[in-house]
$ cat upload_11.txt   # compact mmCIF, N, CA and C atoms
# COMPACT_ATOMS: atom_id res chain seq x y z
N MET U 14 10.15 -52.52 317.80
CA MET U 14 10.64 -53.24 318.95
C MET U 14 10.23 -52.49 320.20
N ALA U 15 9.56 -53.17 321.09
CA ALA U 15 9.14 -52.57 322.35
C ALA U 15 9.81 -53.28 323.51
N TYR U 16 10.02 -52.55 324.57
CA TYR U 16 10.59 -53.13 325.78
C TYR U 16 9.51 -53.13 326.84
N VAL U 17 9.46 -54.18 327.64
CA VAL U 17 8.53 -54.25 328.76
C VAL U 17 9.37 -54.29 330.03
N VAL U 18 9.16 -53.31 330.88
CA VAL U 18 9.91 -53.21 332.13
C VAL U 18 8.90 -53.09 333.26
N ASN U 19 8.94 -54.03 334.18
CA ASN U 19 8.01 -54.07 335.31
C ASN U 19 6.56 -53.98 334.86
N GLY U 20 6.24 -54.69 333.77
CA GLY U 20 4.87 -54.73 333.26
C GLY U 20 4.47 -53.51 332.44
N GLU U 21 5.37 -52.57 332.24
CA GLU U 21 5.09 -51.34 331.51
C GLU U 21 5.72 -51.40 330.12
N ASP U 22 4.91 -51.14 329.08
CA ASP U 22 5.43 -51.08 327.71
C ASP U 22 6.06 -49.71 327.50
N LEU U 23 7.31 -49.72 327.03
CA LEU U 23 8.01 -48.45 326.76
C LEU U 23 7.93 -48.17 325.27
N GLY U 24 7.55 -46.97 324.93
CA GLY U 24 7.44 -46.58 323.53
C GLY U 24 8.80 -46.46 322.87
N THR U 25 8.94 -47.07 321.68
CA THR U 25 10.20 -47.01 320.94
C THR U 25 9.93 -46.64 319.49
N ASP U 26 10.99 -46.19 318.82
CA ASP U 26 10.90 -45.95 317.39
C ASP U 26 11.20 -47.26 316.66
N GLU U 27 11.26 -47.21 315.33
CA GLU U 27 11.47 -48.42 314.54
C GLU U 27 12.85 -49.05 314.75
N GLN U 28 13.80 -48.31 315.30
CA GLN U 28 15.14 -48.84 315.54
C GLN U 28 15.35 -49.26 316.99
N GLY U 29 14.31 -49.18 317.81
CA GLY U 29 14.41 -49.62 319.20
C GLY U 29 14.87 -48.56 320.18
N PHE U 30 14.95 -47.31 319.77
CA PHE U 30 15.30 -46.23 320.69
C PHE U 30 14.04 -45.79 321.43
N LEU U 31 14.18 -45.47 322.71
CA LEU U 31 13.04 -44.98 323.46
C LEU U 31 12.58 -43.64 322.90
N LEU U 32 11.28 -43.41 322.94
CA LEU U 32 10.74 -42.13 322.47
C LEU U 32 10.94 -41.03 323.50
N ALA U 33 10.99 -41.42 324.76
CA ALA U 33 11.25 -40.48 325.86
C ALA U 33 12.32 -41.10 326.75
N PRO U 34 13.22 -40.28 327.30
CA PRO U 34 14.28 -40.85 328.14
C PRO U 34 13.72 -41.53 329.38
N ASP U 35 14.38 -42.59 329.77
CA ASP U 35 14.00 -43.33 330.99
C ASP U 35 15.30 -43.79 331.63
N TYR U 36 15.57 -43.33 332.85
CA TYR U 36 16.86 -43.54 333.49
C TYR U 36 16.88 -44.69 334.50
N ARG U 37 15.83 -45.48 334.55
CA ARG U 37 15.79 -46.58 335.52
C ARG U 37 16.78 -47.68 335.14
N ASP U 38 17.39 -48.27 336.17
CA ASP U 38 18.34 -49.37 335.95
C ASP U 38 17.69 -50.53 335.24
N ALA U 39 16.43 -50.81 335.54
CA ALA U 39 15.73 -51.93 334.90
C ALA U 39 15.61 -51.71 333.39
N VAL U 40 15.50 -50.46 332.97
CA VAL U 40 15.44 -50.15 331.55
C VAL U 40 16.77 -50.44 330.89
N VAL U 41 17.86 -50.04 331.53
CA VAL U 41 19.20 -50.31 331.00
C VAL U 41 19.40 -51.81 330.83
N ARG U 42 19.01 -52.56 331.84
CA ARG U 42 19.17 -54.01 331.77
C ARG U 42 18.35 -54.63 330.65
N ALA U 43 17.12 -54.16 330.46
CA ALA U 43 16.25 -54.70 329.41
C ALA U 43 16.81 -54.39 328.02
N ILE U 44 17.25 -53.17 327.81
CA ILE U 44 17.78 -52.78 326.50
C ILE U 44 19.11 -53.47 326.25
N ALA U 45 19.97 -53.53 327.25
CA ALA U 45 21.26 -54.20 327.10
C ALA U 45 21.04 -55.66 326.72
N SER U 46 20.10 -56.30 327.36
CA SER U 46 19.80 -57.70 327.05
C SER U 46 19.33 -57.85 325.60
N ALA U 47 18.45 -56.97 325.17
CA ALA U 47 17.95 -57.01 323.79
C ALA U 47 19.07 -56.74 322.78
N GLU U 48 20.06 -55.95 323.18
CA GLU U 48 21.18 -55.62 322.30
C GLU U 48 22.30 -56.67 322.36
N GLY U 49 22.16 -57.64 323.25
CA GLY U 49 23.19 -58.67 323.38
C GLY U 49 24.40 -58.21 324.17
N ILE U 50 24.22 -57.20 325.03
CA ILE U 50 25.31 -56.70 325.85
C ILE U 50 25.11 -57.23 327.26
N ALA U 51 26.08 -58.01 327.75
CA ALA U 51 26.00 -58.58 329.08
C ALA U 51 26.57 -57.62 330.10
N LEU U 52 25.81 -57.31 331.11
CA LEU U 52 26.28 -56.48 332.21
C LEU U 52 26.71 -57.44 333.31
N THR U 53 28.00 -57.53 333.55
CA THR U 53 28.51 -58.53 334.48
C THR U 53 29.60 -57.94 335.36
N GLU U 54 29.80 -58.54 336.52
CA GLU U 54 30.87 -58.06 337.40
C GLU U 54 32.11 -58.93 337.33
N LYS U 55 32.05 -60.02 336.59
CA LYS U 55 33.21 -60.91 336.49
C LYS U 55 34.22 -60.33 335.52
N LEU U 56 35.36 -59.95 336.01
CA LEU U 56 36.37 -59.36 335.14
C LEU U 56 36.91 -60.37 334.13
N GLY U 57 36.82 -61.64 334.43
CA GLY U 57 37.29 -62.66 333.51
C GLY U 57 36.25 -63.03 332.47
N SER U 58 35.09 -62.40 332.53
CA SER U 58 33.99 -62.73 331.62
C SER U 58 34.34 -62.36 330.18
N ASP U 59 33.72 -63.04 329.24
CA ASP U 59 33.95 -62.74 327.83
C ASP U 59 33.02 -61.67 327.30
N SER U 60 32.18 -61.09 328.13
CA SER U 60 31.23 -60.10 327.63
C SER U 60 31.95 -58.86 327.12
N ASN U 61 31.33 -58.20 326.18
CA ASN U 61 31.88 -56.96 325.64
C ASN U 61 32.02 -55.92 326.74
N PHE U 62 31.03 -55.87 327.63
CA PHE U 62 31.04 -54.88 328.69
C PHE U 62 32.25 -55.06 329.60
N ALA U 63 32.46 -56.30 330.03
CA ALA U 63 33.59 -56.58 330.93
C ALA U 63 34.92 -56.31 330.24
N ALA U 64 35.02 -56.68 328.96
CA ALA U 64 36.26 -56.46 328.22
C ALA U 64 36.57 -54.97 328.11
N ALA U 65 35.56 -54.18 327.86
CA ALA U 65 35.77 -52.74 327.74
C ALA U 65 36.14 -52.14 329.08
N ARG U 66 35.49 -52.59 330.14
CA ARG U 66 35.81 -52.08 331.46
C ARG U 66 37.23 -52.49 331.86
N ARG U 67 37.61 -53.72 331.53
CA ARG U 67 38.96 -54.19 331.83
C ARG U 67 39.97 -53.32 331.11
N ALA U 68 39.70 -53.01 329.84
CA ALA U 68 40.61 -52.19 329.04
C ALA U 68 40.72 -50.79 329.64
N ALA U 69 39.64 -50.32 330.23
CA ALA U 69 39.65 -48.98 330.83
C ALA U 69 40.10 -49.01 332.28
N GLY U 70 40.42 -50.21 332.80
CA GLY U 70 40.88 -50.32 334.17
C GLY U 70 39.76 -50.17 335.18
N GLN U 71 38.53 -50.41 334.79
CA GLN U 71 37.39 -50.27 335.68
C GLN U 71 36.75 -51.63 335.93
N GLN U 72 36.01 -51.75 337.02
CA GLN U 72 35.28 -52.98 337.30
C GLN U 72 33.96 -52.93 336.56
N ALA U 73 33.57 -54.06 335.98
CA ALA U 73 32.29 -54.14 335.27
C ALA U 73 31.14 -54.10 336.25
N LEU U 74 29.96 -53.81 335.74
CA LEU U 74 28.78 -53.71 336.58
C LEU U 74 28.13 -55.06 336.80
N SER U 75 27.32 -55.13 337.81
CA SER U 75 26.63 -56.37 338.17
C SER U 75 25.22 -56.37 337.60
N ASN U 76 24.74 -57.55 337.21
CA ASN U 76 23.35 -57.70 336.79
C ASN U 76 22.40 -57.47 337.94
N GLY U 77 22.82 -57.76 339.14
CA GLY U 77 21.94 -57.73 340.30
C GLY U 77 21.65 -56.34 340.82
N SER U 78 22.38 -55.93 341.83
CA SER U 78 22.01 -54.73 342.56
C SER U 78 22.89 -53.53 342.25
N ALA U 79 23.75 -53.61 341.27
CA ALA U 79 24.62 -52.47 340.97
C ALA U 79 23.80 -51.27 340.53
N ASN U 80 24.27 -50.09 340.86
CA ASN U 80 23.59 -48.87 340.47
C ASN U 80 24.16 -48.40 339.14
N LEU U 81 23.43 -48.64 338.08
CA LEU U 81 23.89 -48.26 336.75
C LEU U 81 23.91 -46.75 336.58
N GLU U 82 23.15 -46.04 337.40
CA GLU U 82 23.10 -44.59 337.34
C GLU U 82 24.48 -43.98 337.55
N SER U 83 25.32 -44.64 338.34
CA SER U 83 26.64 -44.09 338.65
C SER U 83 27.71 -44.53 337.66
N ASP U 84 27.37 -45.40 336.70
CA ASP U 84 28.36 -45.83 335.72
C ASP U 84 28.75 -44.64 334.85
N PRO U 85 30.05 -44.38 334.66
CA PRO U 85 30.48 -43.20 333.91
C PRO U 85 29.98 -43.15 332.47
N ASN U 86 29.86 -44.31 331.80
CA ASN U 86 29.38 -44.30 330.42
C ASN U 86 27.95 -43.80 330.33
N PHE U 87 27.09 -44.35 331.17
CA PHE U 87 25.69 -43.98 331.13
C PHE U 87 25.44 -42.59 331.71
N SER U 88 26.09 -42.28 332.83
CA SER U 88 25.86 -40.97 333.44
C SER U 88 26.36 -39.86 332.51
N TYR U 89 27.46 -40.10 331.81
CA TYR U 89 27.97 -39.09 330.86
C TYR U 89 26.96 -38.83 329.75
N LEU U 90 26.47 -39.90 329.13
CA LEU U 90 25.51 -39.75 328.04
C LEU U 90 24.22 -39.07 328.52
N ARG U 91 23.77 -39.46 329.70
CA ARG U 91 22.55 -38.86 330.25
C ARG U 91 22.75 -37.40 330.60
N ASP U 92 23.90 -37.06 331.18
CA ASP U 92 24.19 -35.66 331.52
C ASP U 92 24.24 -34.80 330.26
N GLN U 93 24.88 -35.31 329.22
CA GLN U 93 24.95 -34.57 327.96
C GLN U 93 23.55 -34.36 327.37
N TYR U 94 22.71 -35.38 327.47
CA TYR U 94 21.34 -35.27 326.95
C TYR U 94 20.56 -34.23 327.75
N ARG U 95 20.68 -34.29 329.07
CA ARG U 95 19.96 -33.32 329.92
C ARG U 95 20.43 -31.89 329.66
N GLU U 96 21.74 -31.73 329.50
CA GLU U 96 22.31 -30.39 329.35
C GLU U 96 22.10 -29.80 327.96
N HIS U 97 22.23 -30.63 326.91
CA HIS U 97 22.20 -30.12 325.55
C HIS U 97 20.99 -30.55 324.73
N GLY U 98 20.20 -31.48 325.26
CA GLY U 98 19.03 -31.94 324.52
C GLY U 98 19.35 -33.02 323.49
N HIS U 99 20.60 -33.45 323.45
CA HIS U 99 21.02 -34.55 322.56
C HIS U 99 22.30 -35.15 323.11
N THR U 100 22.65 -36.31 322.60
CA THR U 100 23.88 -36.97 323.05
C THR U 100 25.05 -36.52 322.17
N PRO U 101 26.27 -36.69 322.65
CA PRO U 101 27.43 -36.23 321.88
C PRO U 101 27.75 -37.17 320.72
N ASN U 102 28.48 -36.63 319.75
CA ASN U 102 28.98 -37.50 318.69
C ASN U 102 30.14 -38.32 319.24
N PHE U 103 30.59 -39.30 318.48
CA PHE U 103 31.60 -40.22 318.98
C PHE U 103 32.90 -39.50 319.36
N ARG U 104 33.32 -38.57 318.57
CA ARG U 104 34.59 -37.86 318.84
C ARG U 104 34.56 -37.17 320.19
N ASN U 105 33.47 -36.45 320.46
CA ASN U 105 33.35 -35.76 321.75
C ASN U 105 33.20 -36.75 322.89
N MET U 106 32.46 -37.84 322.65
CA MET U 106 32.28 -38.87 323.67
C MET U 106 33.63 -39.46 324.05
N LEU U 107 34.44 -39.80 323.06
CA LEU U 107 35.75 -40.39 323.29
C LEU U 107 36.64 -39.44 324.09
N LYS U 108 36.66 -38.19 323.70
CA LYS U 108 37.48 -37.18 324.38
C LYS U 108 37.04 -37.00 325.83
N ASP U 109 35.75 -36.83 326.04
CA ASP U 109 35.24 -36.58 327.38
C ASP U 109 35.38 -37.79 328.30
N LEU U 110 35.06 -38.99 327.79
CA LEU U 110 35.19 -40.19 328.62
C LEU U 110 36.64 -40.51 328.92
N GLY U 111 37.54 -40.16 328.00
CA GLY U 111 38.96 -40.37 328.23
C GLY U 111 39.47 -39.59 329.43
N GLU U 112 38.81 -38.46 329.72
CA GLU U 112 39.19 -37.65 330.88
C GLU U 112 38.70 -38.27 332.19
N VAL U 113 37.59 -39.02 332.14
CA VAL U 113 37.01 -39.61 333.35
C VAL U 113 37.45 -41.05 333.56
N LEU U 114 37.70 -41.76 332.46
CA LEU U 114 38.12 -43.16 332.52
C LEU U 114 39.51 -43.27 331.89
N PRO U 115 40.54 -43.14 332.68
CA PRO U 115 41.90 -43.25 332.12
C PRO U 115 42.06 -44.56 331.35
N GLY U 116 42.64 -44.48 330.18
CA GLY U 116 42.84 -45.66 329.35
C GLY U 116 41.69 -45.95 328.42
N CYS U 117 40.61 -45.19 328.54
CA CYS U 117 39.46 -45.37 327.66
C CYS U 117 39.84 -44.89 326.26
N ASP U 118 39.68 -45.77 325.28
CA ASP U 118 39.97 -45.39 323.89
C ASP U 118 38.86 -45.93 322.99
N SER U 119 38.99 -45.68 321.70
CA SER U 119 37.92 -46.10 320.78
C SER U 119 37.76 -47.61 320.77
N LYS U 120 38.86 -48.34 320.90
CA LYS U 120 38.79 -49.80 320.90
C LYS U 120 37.96 -50.30 322.08
N SER U 121 38.20 -49.76 323.27
CA SER U 121 37.44 -50.21 324.44
C SER U 121 35.97 -49.80 324.35
N LEU U 122 35.68 -48.63 323.77
CA LEU U 122 34.29 -48.22 323.62
C LEU U 122 33.56 -49.09 322.59
N TYR U 123 34.25 -49.47 321.52
CA TYR U 123 33.62 -50.37 320.54
C TYR U 123 33.49 -51.78 321.08
N ALA U 124 34.36 -52.18 322.01
CA ALA U 124 34.18 -53.47 322.67
C ALA U 124 32.93 -53.44 323.54
N LEU U 125 32.67 -52.30 324.14
CA LEU U 125 31.50 -52.13 325.00
C LEU U 125 30.22 -52.02 324.17
N PHE U 126 30.25 -51.22 323.13
CA PHE U 126 29.09 -50.98 322.27
C PHE U 126 29.49 -51.27 320.82
N PRO U 127 29.44 -52.54 320.41
CA PRO U 127 29.99 -52.95 319.12
C PRO U 127 29.34 -52.34 317.88
N THR U 128 28.10 -51.93 317.95
CA THR U 128 27.49 -51.34 316.75
C THR U 128 27.67 -49.83 316.68
N GLY U 129 28.40 -49.27 317.65
CA GLY U 129 28.69 -47.84 317.64
C GLY U 129 28.49 -47.24 319.01
N PRO U 130 29.56 -46.78 319.65
CA PRO U 130 29.46 -46.26 321.01
C PRO U 130 28.48 -45.11 321.20
N ALA U 131 28.48 -44.15 320.31
CA ALA U 131 27.59 -43.00 320.51
C ALA U 131 26.12 -43.40 320.34
N LYS U 132 25.83 -44.17 319.32
CA LYS U 132 24.44 -44.53 319.04
C LYS U 132 23.95 -45.65 319.96
N GLN U 133 24.66 -46.77 320.01
CA GLN U 133 24.23 -47.88 320.84
C GLN U 133 24.34 -47.53 322.32
N GLY U 134 25.32 -46.74 322.69
CA GLY U 134 25.45 -46.29 324.07
C GLY U 134 24.24 -45.49 324.51
N ALA U 135 23.77 -44.59 323.65
CA ALA U 135 22.57 -43.80 323.96
C ALA U 135 21.35 -44.69 324.09
N LYS U 136 21.26 -45.69 323.21
CA LYS U 136 20.12 -46.60 323.27
C LYS U 136 20.10 -47.35 324.59
N VAL U 137 21.23 -47.94 324.97
CA VAL U 137 21.31 -48.72 326.20
C VAL U 137 21.15 -47.82 327.44
N ALA U 138 21.56 -46.58 327.35
CA ALA U 138 21.41 -45.64 328.48
C ALA U 138 19.97 -45.20 328.68
N GLY U 139 19.07 -45.61 327.78
CA GLY U 139 17.66 -45.26 327.92
C GLY U 139 17.31 -43.90 327.36
N LEU U 140 18.04 -43.50 326.31
CA LEU U 140 17.83 -42.18 325.70
C LEU U 140 17.20 -42.31 324.31
N PRO U 141 16.55 -41.26 323.83
CA PRO U 141 16.03 -41.27 322.46
C PRO U 141 17.16 -41.34 321.44
N GLN U 142 16.81 -41.59 320.19
CA GLN U 142 17.80 -41.73 319.13
C GLN U 142 18.62 -40.45 318.97
N PRO U 143 19.96 -40.58 318.87
CA PRO U 143 20.81 -39.40 318.66
C PRO U 143 20.48 -38.70 317.35
N LEU U 144 20.81 -37.42 317.29
CA LEU U 144 20.48 -36.61 316.11
C LEU U 144 21.29 -37.02 314.88
N GLY U 145 22.53 -37.42 315.08
CA GLY U 145 23.37 -37.80 313.93
C GLY U 145 24.02 -36.58 313.31
N LYS U 146 24.60 -36.79 312.13
CA LYS U 146 25.34 -35.72 311.46
C LYS U 146 24.44 -34.51 311.19
N GLY U 147 25.03 -33.35 311.41
CA GLY U 147 24.33 -32.11 311.15
C GLY U 147 23.49 -31.65 312.33
N GLY U 148 23.29 -32.51 313.31
CA GLY U 148 22.46 -32.15 314.44
C GLY U 148 23.23 -31.57 315.60
N TYR U 149 24.55 -31.50 315.47
CA TYR U 149 25.34 -31.02 316.60
C TYR U 149 25.69 -29.61 316.35
$ encode --input "upload_11.txt" --output "structure tokens"
Amino acid sequence: MAYVVNGEDLGTDEQGFLLAPDYRDAVVRAIASAEGIALTEKLGSDSNFAAARRAAGQQALSNGSANLESDPNFSYLRDQYREHGHTPNFRNMLKDLGEVLPGCDSKSLYALFPTGPAKQGAKVAGLPQPLGKGGY
């Protein structure tokens, strides 16, 4: 699976993870779309993203001009990748995001990233595939 962003083909592995990190908002939007995750600002929306943000007491992001770089979910995953060379496992992600997003729990994270917050979250954030068990 390859993503095309602004006419540029992005290299991916067989599971659709980028081979090299890319932090552009357009990349997040392309991957989120391919994953079936709607990025919307309507709090009444049925999207997983809006439901998770509502549960966490946060406003959902906009498809248009919102800066995804400042979203706590994506910035957290990207900061962890930059600092440690890999993304956190789900337990650490839940603990750390709970400190930044009051009310954030496993249910809201799974509503946001239904196939797995740590893995799908890293994919949508434009990061390479997480290491998985034994890699932390």
$ closest_residue --input "upload_11.txt" --among "U:Asn86, U:Gln133, U:Thr25, U:Gln142" --to "U:Glu112" --atoms "only C-alpha atoms"
U:Asn86
$ closest_residue --input "upload_11.txt" --among "U:Asp84, U:Arg91, U:Ala131, U:Pro143" --to "U:Met106" --atoms "only C-alpha atoms"
U:Ala131
$ atom_distance --input "upload_11.txt" --atom1 "atom CA of U:Glu96" --atom2 "atom C of U:Ser46"
27.9 Å
$ atom_distance --input "upload_11.txt" --atom1 "atom CA of U:Asp38" --atom2 "atom CA of U:Gly24"
16.8 Å
$ residues_around --input "upload_11.txt" --residues "U:Tyr36" --least-positions-apart "3" --cutoff "6.5 Å" --atoms "all atoms listed in the file" --output "PyMOL selection string"
chain U and resi 39-41+138-139
$ atom_distance --input "upload_11.txt" --atom1 "atom C of U:Leu114" --atom2 "atom C of U:Asp92"
17.5 Å
$ closest_residue --input "upload_11.txt" --among "U:Leu23, U:Leu144, U:Met14, U:Ala43" --to "U:Pro101" --atoms "only N, CA and C atoms"
U:Leu144
$ closest_residue --input "upload_11.txt" --among "U:Phe103, U:Tyr89, U:Tyr94, U:Tyr16" --to "U:Lys132" --atoms "all atoms listed in the file"
U:Phe103
$ closest_residue --input "upload_11.txt" --among "U:Leu32, U:Leu90, U:Ala51, U:Ala45" --to "U:Leu110" --atoms "only C-alpha atoms"
U:Leu90
